[in-house]
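Just below is one structure, and these are the notes that go with it.
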Amino acid sequence: MDGAEQHFVSLCFTVKRVQNFKIHPNYDIRAKVNLGVNEFYDYDVALIQLSTEVQISSAVRPICIPCTQETSGALQLRGTSTCKQQGDGGSAVFKNYEQRTIQVALVSWGTKNLCTAGGLVESDATSRDFHINLFRVVPFLKSVLGDDNQDDYVPLQFLES
């Protein structure tokens, strides 16, 4: 996307330059202004490709994308697996299973900035978070991360719908 070289991402006190990013095509913060909703965060999802590799640590680690053959393998699901077997519940941000972490949702926005402490931070009793269920955006993830017609990364193998 044009202008990606002007964007940066902060990862645990390390700043990385963005090489490319793709925003979900249905994301439109102003989509419901005519209904009295000034900001609407459905489909608030983007995939970001960094210009340099990320150093894996206890604070920064890869996650499993739902509805992929790779996640089925990580969960040791035998035979033909489904998205539902991978945890399609929509209530949690991460699902931990043995030594694997599967991202099932994204925090789109919240009522408190709890990220200032660093590391694992959980919401408190007075905070409210809005999550995007990743199972609802699998077609978008598949269109980018399952693309065999690029040379930047090994494409993921998504499960049949």
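Labels used: A, B, ... for chains in the order of the structure tokens, numbers from 1 for residues in each chain, and numbers from 1 for ligands as shown.
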
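By only C-alpha atoms, and with residues fewer than 5 positions from Ala74 (chain A) along its chain excluded, the set lying at most 10 Å from it is Cys64, Thr68, Gln69, Tyr97, Glu98, Gln99, Arg100, Thr101 and Ile102 of chain A.
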
Keeping only all heavy atoms, write those residues as a short mmCIF file (atom, residue, chain, number, x, y, z; two decimals), in the first residue's frame.
```
data_model
loop_
_atom_site.label_atom_id
_atom_site.label_comp_id
_atom_site.auth_asym_id
_atom_site.auth_seq_id
_atom_site.Cartn_x
_atom_site.Cartn_y
_atom_site.Cartn_z
N CYS A 64 -0.92 -18.76 16.23
CA CYS A 64 -1.55 -19.59 15.22
C CYS A 64 -2.80 -18.88 14.72
O CYS A 64 -3.62 -18.42 15.50
CB CYS A 64 -1.94 -20.96 15.80
SG CYS A 64 -0.53 -21.94 16.33
N THR A 68 -6.63 -22.73 9.84
CA THR A 68 -5.53 -23.12 8.96
C THR A 68 -5.09 -24.54 9.27
O THR A 68 -5.25 -25.03 10.40
CB THR A 68 -4.31 -22.18 9.10
OG1 THR A 68 -3.80 -22.28 10.43
CG2 THR A 68 -4.67 -20.75 8.76
N GLN A 69 -4.52 -25.18 8.27
CA GLN A 69 -3.98 -26.53 8.45
C GLN A 69 -2.83 -26.49 9.45
O GLN A 69 -2.65 -27.42 10.23
CB GLN A 69 -3.51 -27.08 7.09
CG GLN A 69 -3.30 -28.56 7.10
CD GLN A 69 -4.57 -29.32 7.43
OE1 GLN A 69 -5.63 -29.04 6.92
NE2 GLN A 69 -4.46 -30.28 8.33
N TYR A 97 -3.48 -23.67 24.32
CA TYR A 97 -3.61 -25.11 24.30
C TYR A 97 -2.21 -25.69 24.37
O TYR A 97 -1.42 -25.51 23.44
CB TYR A 97 -4.32 -25.57 23.01
CG TYR A 97 -4.49 -27.06 22.91
CD1 TYR A 97 -5.53 -27.69 23.58
CD2 TYR A 97 -3.60 -27.82 22.18
CE1 TYR A 97 -5.69 -29.06 23.50
CE2 TYR A 97 -3.75 -29.19 22.09
CZ TYR A 97 -4.79 -29.81 22.76
OH TYR A 97 -4.93 -31.16 22.67
N GLU A 98 -1.89 -26.34 25.48
CA GLU A 98 -0.57 -26.87 25.74
C GLU A 98 0.47 -25.77 25.47
O GLU A 98 0.42 -24.73 26.08
CB GLU A 98 -0.35 -28.15 24.96
CG GLU A 98 -1.26 -29.27 25.41
CD GLU A 98 -1.03 -30.58 24.70
OE1 GLU A 98 -0.02 -30.72 23.96
OE2 GLU A 98 -1.85 -31.49 24.90
N GLN A 99 1.37 -25.97 24.54
CA GLN A 99 2.42 -24.99 24.27
C GLN A 99 2.08 -24.05 23.13
O GLN A 99 2.94 -23.32 22.65
CB GLN A 99 3.74 -25.71 23.97
CG GLN A 99 4.24 -26.58 25.09
CD GLN A 99 4.55 -25.77 26.34
OE1 GLN A 99 5.15 -24.73 26.27
NE2 GLN A 99 4.12 -26.27 27.50
N ARG A 100 0.82 -24.03 22.67
CA ARG A 100 0.41 -23.21 21.53
C ARG A 100 -0.56 -22.12 21.97
O ARG A 100 -1.38 -22.33 22.86
CB ARG A 100 -0.27 -24.06 20.45
CG ARG A 100 0.59 -25.14 19.90
CD ARG A 100 1.72 -24.57 19.08
NE ARG A 100 2.51 -25.66 18.53
CZ ARG A 100 3.46 -25.49 17.66
NH1 ARG A 100 3.75 -24.30 17.21
NH2 ARG A 100 4.14 -26.51 17.22
N THR A 101 -0.49 -20.99 21.31
CA THR A 101 -1.43 -19.91 21.51
C THR A 101 -2.10 -19.62 20.17
O THR A 101 -1.42 -19.38 19.18
CB THR A 101 -0.72 -18.64 22.01
OG1 THR A 101 -0.06 -18.95 23.25
CG2 THR A 101 -1.71 -17.51 22.24
N ILE A 102 -3.43 -19.67 20.16
CA ILE A 102 -4.18 -19.43 18.93
C ILE A 102 -4.93 -18.11 19.10
O ILE A 102 -5.67 -17.94 20.06
CB ILE A 102 -5.18 -20.56 18.67
CG1 ILE A 102 -4.42 -21.88 18.56
CG2 ILE A 102 -5.99 -20.28 17.40
CD1 ILE A 102 -5.31 -23.07 18.62
#
```

Residues near region 144-154 of chain A, cut-off 10 Å, only C-alpha atoms, skip fewer than 2 positions along chain, as a list in words: Lys22, Leu47, Gln49, Ile65, Thr68, Val138, Pro139, Phe140, Leu141, Lys142, Leu156, Gln157 and Phe158 of chain A

Pick from A:Phe135, A:Cys67, A:Glu160, A:Tyr41, whichever lies nearest to Ile29 (chain A) using only C-alpha atoms: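 Of A:Phe135, A:Cys67, A:Glu160, A:Tyr41, the one nearest Ile29 (chain A), counting only C-alpha atoms, is A:Tyr41.
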
Separation of CA of Pro62 (chain A) from CA of Thr14 (chain A) in Å: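 These atoms are spaced 16.2 Å apart.
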
For Arg17 (chain A), please output as a list in words all residues within 10 Å (counting only C-alpha atoms; exclusion window: fewer than 4 positions along the same chain).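 In the requested form, the answer reads Ala4, Glu5, Gln6, His7, Phe8, Val9, Ser10, Gln49, Leu50, Ser51 and Thr52 of chain A.
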
Please measure the separation of CA of Arg136 (chain A) and CA of Ala59 (chain A), giving the value in Å to one decimal.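 For CA of Arg136 (chain A) relative to CA of Ala59 (chain A), the distance reads 26.8 Å.
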
Would you return as an MDAnalysis selection string the members of region 4-38 of chain A that DSSP assigns to strand (DSSP E or B) on this structure's backbone? chainID A and resid 8:11 14:23

Could you check how far CA of Val18 (chain A) sits from CA of Asn96 (chain A), in Å to one decimal?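 Calculated distance between CA of Val18 (chain A) and CA of Asn96 (chain A) is 28.3 Å.
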
Using only C-alpha atoms, can you tell me which of A:Asp42, A:Glu53, A:Glu70, A:Asp28 comes closest to His131 (chain A)?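 With only C-alpha atoms as the atom set, the closest residue is A:Asp42.
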
Residue among A:Ile63, A:Ser72, A:Phe21, A:Ile48 lying closest to Lys84 (chain A), counting only C-alpha atoms: A:Ser72
